[in-house]
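Here is model_2.pdb, consisting of PDB, C-alpha atoms:
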```
ATOM      1  CA  MET Q  21      -7.048  18.275   1.631
ATOM      2  CA  THR Q  22      -3.869  20.061   2.704
ATOM      3  CA  ARG Q  23      -3.384  20.622   6.413
ATOM      4  CA  GLU Q  24      -0.770  22.797   8.071
ATOM      5  CA  ASN Q  25       1.849  20.724   9.871
ATOM      6  CA  LEU Q  26       2.241  22.373  13.272
ATOM      7  CA  LEU Q  27       5.021  20.022  14.396
ATOM      8  CA  GLY Q  28       7.493  21.182  11.760
ATOM      9  CA  GLY Q  29       7.992  17.762  10.178
ATOM     10  CA  PRO Q  30       7.453  16.752   6.570
ATOM     11  CA  PRO Q  31       3.983  17.457   5.183
ATOM     12  CA  GLU Q  32       1.376  14.751   4.666
ATOM     13  CA  THR Q  33       1.376  13.188   1.212
ATOM     14  CA  TYR Q  34      -1.853  12.500  -0.645
ATOM     15  CA  LEU Q  35      -1.954  10.264  -3.685
ATOM     16  CA  PRO Q  36      -4.354  11.237  -6.454
ATOM     17  CA  ALA Q  37      -7.631   9.385  -6.740
ATOM     18  CA  ASN Q  38      -8.254   6.974  -9.592
ATOM     19  CA  ASP Q  39     -12.026   6.643  -9.574
ATOM     20  CA  GLU Q  40     -12.125   4.530 -12.733
ATOM     21  CA  ALA Q  41      -9.715   1.939 -11.320
ATOM     22  CA  ALA Q  42     -11.472   1.942  -7.929
ATOM     23  CA  ALA Q  43     -14.825   1.281  -9.587
ATOM     24  CA  ALA Q  44     -13.304  -1.459 -11.739
ATOM     25  CA  LEU Q  45     -11.807  -3.149  -8.680
ATOM     26  CA  ALA Q  46     -15.080  -2.954  -6.771
ATOM     27  CA  ALA Q  47     -16.886  -4.626  -9.678
ATOM     28  CA  ALA Q  48     -14.240  -7.138 -10.750
ATOM     29  CA  PRO Q  49     -14.455 -10.767  -9.699
ATOM     30  CA  ASP Q  50     -10.692 -11.036 -10.279
ATOM     31  CA  PRO Q  51      -8.306  -8.227  -9.261
ATOM     32  CA  ALA Q  52      -5.827  -9.475 -11.871
ATOM     33  CA  THR Q  53      -7.986  -7.966 -14.604
ATOM     34  CA  VAL Q  54      -7.808  -4.593 -12.847
ATOM     35  CA  ALA Q  55      -4.039  -4.837 -12.298
ATOM     36  CA  ALA Q  56      -3.601  -5.604 -15.995
ATOM     37  CA  ARG Q  57      -5.801  -2.687 -17.049
ATOM     38  CA  PHE Q  58      -4.507  -0.233 -14.410
ATOM     39  CA  PRO Q  59      -0.976  -1.416 -13.538
ATOM     40  CA  ALA Q  60      -0.233   1.672 -11.458
ATOM     41  CA  TYR Q  61      -3.272   1.085  -9.209
ATOM     42  CA  CYS Q  62      -1.795  -0.156  -5.922
ATOM     43  CA  ALA Q  63      -5.100  -1.390  -4.517
ATOM     44  CA  ALA Q  64      -5.355  -4.006  -7.273
ATOM     45  CA  TRP Q  65      -1.893  -5.346  -6.391
ATOM     46  CA  ALA Q  66      -2.814  -5.352  -2.705
ATOM     47  CA  ALA Q  67      -5.978  -7.332  -3.501
ATOM     48  CA  LEU Q  68      -3.894  -9.863  -5.432
ATOM     49  CA  ALA Q  69      -1.450 -10.131  -2.511
ATOM     50  CA  GLU Q  70      -4.303 -10.657  -0.049
ATOM     51  CA  ARG Q  71      -5.779 -13.395  -2.209
ATOM     52  CA  ALA Q  72      -2.407 -15.119  -2.576
ATOM     53  CA  LEU Q  73      -1.782 -15.017   1.181
ATOM     54  CA  ALA Q  74      -5.256 -16.377   1.862
ATOM     55  CA  GLY Q  75      -4.478 -19.212  -0.545
ATOM     56  CA  GLY Q  76      -1.198 -20.027   1.188
ATOM     57  CA  ASP Q  77       1.031 -18.691  -1.601
ATOM     58  CA  ALA Q  78       3.370 -16.337   0.250
ATOM     59  CA  VAL Q  79       5.839 -16.099  -2.646
ATOM     60  CA  SER Q  80       3.201 -14.801  -5.067
ATOM     61  CA  ALA Q  81       1.831 -12.525  -2.341
ATOM     62  CA  TYR Q  82       5.315 -11.117  -1.867
ATOM     63  CA  ALA Q  83       5.639 -10.408  -5.597
ATOM     64  CA  PHE Q  84       2.198  -8.799  -5.868
ATOM     65  CA  ALA Q  85       2.706  -6.686  -2.736
ATOM     66  CA  ARG Q  86       6.179  -5.606  -3.886
ATOM     67  CA  THR Q  87       4.710  -4.472  -7.208
ATOM     68  CA  GLY Q  88       2.031  -2.411  -5.447
ATOM     69  CA  TYR Q  89       4.626  -1.014  -3.082
ATOM     70  CA  HIS Q  90       6.978   0.100  -5.860
ATOM     71  CA  ARG Q  91       4.178   1.541  -7.986
ATOM     72  CA  GLY Q  92       3.085   3.469  -4.900
ATOM     73  CA  LEU Q  93       6.577   4.787  -4.209
ATOM     74  CA  ASP Q  94       6.670   6.181  -7.742
ATOM     75  CA  GLN Q  95       3.328   7.924  -7.189
ATOM     76  CA  LEU Q  96       4.347   9.243  -3.770
ATOM     77  CA  ARG Q  97       7.466  10.823  -5.231
ATOM     78  CA  ARG Q  98       5.419  12.445  -7.990
ATOM     79  CA  ALA Q  99       3.083  13.778  -5.271
ATOM     80  CA  GLY Q 100       6.010  15.514  -3.538
ATOM     81  CA  TRP Q 101       7.034  12.890  -0.971
ATOM     82  CA  HIS Q 102      10.755  12.977  -0.184
ATOM     83  CA  GLY Q 103      11.276   9.593   1.453
ATOM     84  CA  ASN Q 104       9.612  10.216   4.786
ATOM     85  CA  GLY Q 105       6.616  11.832   6.363
ATOM     86  CA  PRO Q 106       2.982  11.011   6.926
ATOM     87  CA  ILE Q 107       0.955   9.112   4.327
ATOM     88  CA  PRO Q 108      -2.512   9.316   5.881
ATOM     89  CA  TRP Q 109      -4.681   6.183   5.882
ATOM     90  CA  GLU Q 110      -7.671   8.483   6.156
ATOM     91  CA  HIS Q 111      -7.102   9.566   2.539
ATOM     92  CA  GLU Q 112      -8.602   6.622   0.625
ATOM     93  CA  PRO Q 113      -6.261   6.815  -2.419
ATOM     94  CA  ASN Q 114      -3.307   6.220  -0.048
ATOM     95  CA  ARG Q 115      -4.750   2.922   1.169
ATOM     96  CA  GLY Q 116      -3.622   0.815  -1.804
ATOM     97  CA  PHE Q 117      -0.014   1.757  -1.150
ATOM     98  CA  LEU Q 118      -0.303   1.308   2.606
ATOM     99  CA  ARG Q 119      -2.009  -2.077   2.192
ATOM    100  CA  SER Q 120       0.711  -3.144  -0.257
ATOM    101  CA  LEU Q 121       3.370  -2.115   2.271
ATOM    102  CA  TYR Q 122       1.621  -4.019   5.061
ATOM    103  CA  LEU Q 123       1.173  -7.129   2.909
ATOM    104  CA  LEU Q 124       4.777  -6.966   1.718
ATOM    105  CA  GLY Q 125       5.860  -7.130   5.337
ATOM    106  CA  LYS Q 126       3.453  -9.949   6.094
ATOM    107  CA  ALA Q 127       4.549 -12.000   3.073
ATOM    108  CA  ALA Q 128       8.215 -11.272   3.822
ATOM    109  CA  ALA Q 129       7.754 -12.653   7.332
ATOM    110  CA  GLU Q 130       6.118 -15.784   5.944
ATOM    111  CA  ILE Q 131       9.048 -16.509   3.623
ATOM    112  CA  GLY Q 132      11.668 -15.774   6.269
ATOM    113  CA  GLU Q 133      12.742 -12.320   5.078
ATOM    114  CA  ASP Q 134      12.790 -11.026   8.632
ATOM    115  CA  ASP Q 135      14.817  -7.866   7.927
ATOM    116  CA  GLU Q 136      12.419  -6.900   5.129
ATOM    117  CA  ALA Q 137       9.419  -7.633   7.327
ATOM    118  CA  GLU Q 138      10.805  -5.375  10.060
ATOM    119  CA  ARG Q 139      11.583  -2.555   7.597
ATOM    120  CA  CYS Q 140       8.009  -2.744   6.307
ATOM    121  CA  ARG Q 141       6.568  -2.656   9.852
ATOM    122  CA  GLU Q 142       8.691   0.398  10.704
ATOM    123  CA  PHE Q 143       7.882   2.180   7.446
ATOM    124  CA  LEU Q 144       4.157   1.578   7.934
ATOM    125  CA  ALA Q 145       4.250   2.765  11.547
ATOM    126  CA  ASP Q 146       6.192   5.881  10.554
ATOM    127  CA  SER Q 147       3.832   6.590   7.652
ATOM    128  CA  SER Q 148       0.451   6.025   9.251
ATOM    129  CA  PRO Q 149      -0.345   4.807  12.759
ATOM    130  CA  ALA Q 150      -3.999   4.681  11.673
ATOM    131  CA  ALA Q 151      -3.071   2.221   8.897
ATOM    132  CA  VAL Q 152      -1.295  -0.004  11.422
ATOM    133  CA  ALA Q 153      -4.400  -0.115  13.602
ATOM    134  CA  ALA Q 154      -6.805  -0.657  10.699
ATOM    135  CA  LEU Q 155      -4.752  -3.341   8.976
ATOM    136  CA  ARG Q 156      -4.003  -5.296  12.135
ATOM    137  CA  ALA Q 157      -7.716  -5.278  12.962
ATOM    138  CA  SER Q 158      -8.665  -6.665   9.553
TER     139      SER Q 158
END
```
Go through the file and emit its structure as structure tokens.
Amino acid sequence: MTRENLLGGPPETYLPANDEAAAALAAAPDPATVAARFPAYCAAWAALAERALAGGDAVSAYAFARTGYHRGLDQLRRAGWHGNGPIPWEHEPNRGFLRSLYLLGKAAAEIGEDDEAERCREFLADSSPAAVAALRAS
């Protein structure tokens, strides 16, 4: 799924798929079981953050989203990312990281970490405008 970058900027980064973890998350009544079994799977941490935010627990959401975010950064670096450049939402394995980043910003805003919330918004917008649109619509 490599595309030539005609604008001369950094190439798009694609995280590897984890079909076993994705299937486990789709079937699990509790994303915590998936996060425990697949701790590097960002989508499980994002699901935990979403649940915590929905339950009014912004502090736990912040911790879950930060875990997914940092696990995703590790994977992005291993995939050749050098700190900037597109991380396409259209590539499903990238969505766990992008959702974690979005939720980290949302939870940060709720606990008054305004600088962190702004950094997350900027990072998400720089990484994937499609993610911004999809996540704001959800």
Contact table range 30-66 of chain Q vs range 121-133 of chain Q, cut-off 12 Å, shortest pair per residue, only C-alpha atoms, as a tab-separated table:
```
residue	atom	partner	partner_atom	distance
Q:Cys62	CA	Q:Leu121	CA	9.9
Q:Ala63	CA	Q:Leu121	CA	10.9
Q:Trp65	CA	Q:Leu123	CA	10.0
Q:Ala66	CA	Q:Leu123	CA	7.1
```
Axis-aligned box over every listed atom of range 35-49 of chain Q, padded by 6 Å per side: centre and edges in Å to one decimal, as lines of an AutoDock Vina configuration file?
```
center_x = -9.4
center_y = 0.2
center_z = -8.2
size_x = 26.9
size_y = 34.0
size_z = 21.0
```
Selection result for the PyMOL selection byres ((chain Q and resi 116) around 8) on this file, as an MDAnalysis selection string:
chainID Q and resid 61:66 88 92 113:115 117:120
Point-to-point distance from CA of His102 in chain Q to CA of His90 in chain Q, Å rounded to tenths:
14.6 Å
Point-to-point distance in Å for CA of Ala151 in chain Q and CA of Pro30 in chain Q:
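That distance, rounded to one decimal, is 18.1 Å.
Here the question is which of Q:Leu93, Q:Gly105, Q:Glu70, Q:Ala83 gets nearest to Gly28 in chain Q using all atoms listed in the file, and that residue is Q:Gly105.
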Distance of CA of Leu35 in chain Q from CA of Gly103 in chain Q, expressed in Å to one decimal place:
14.2 Å
For range 39-43 of chain Q, find every residue with an atom within 7 Å (counting all atoms listed in the file), except residues of its own chain fewer than 3 positions away, and show them as a PyMOL selection string.
chain Q and resi 46-47+54+58+61
Counting all atoms listed in the file, which residues have an atom no more than 10 Å from (2.7, -12.6, -5.9) in the file's coordinates? Please list them as a ChimeraX atom specification.
/Q:65-66,68-73,77-87,124,127
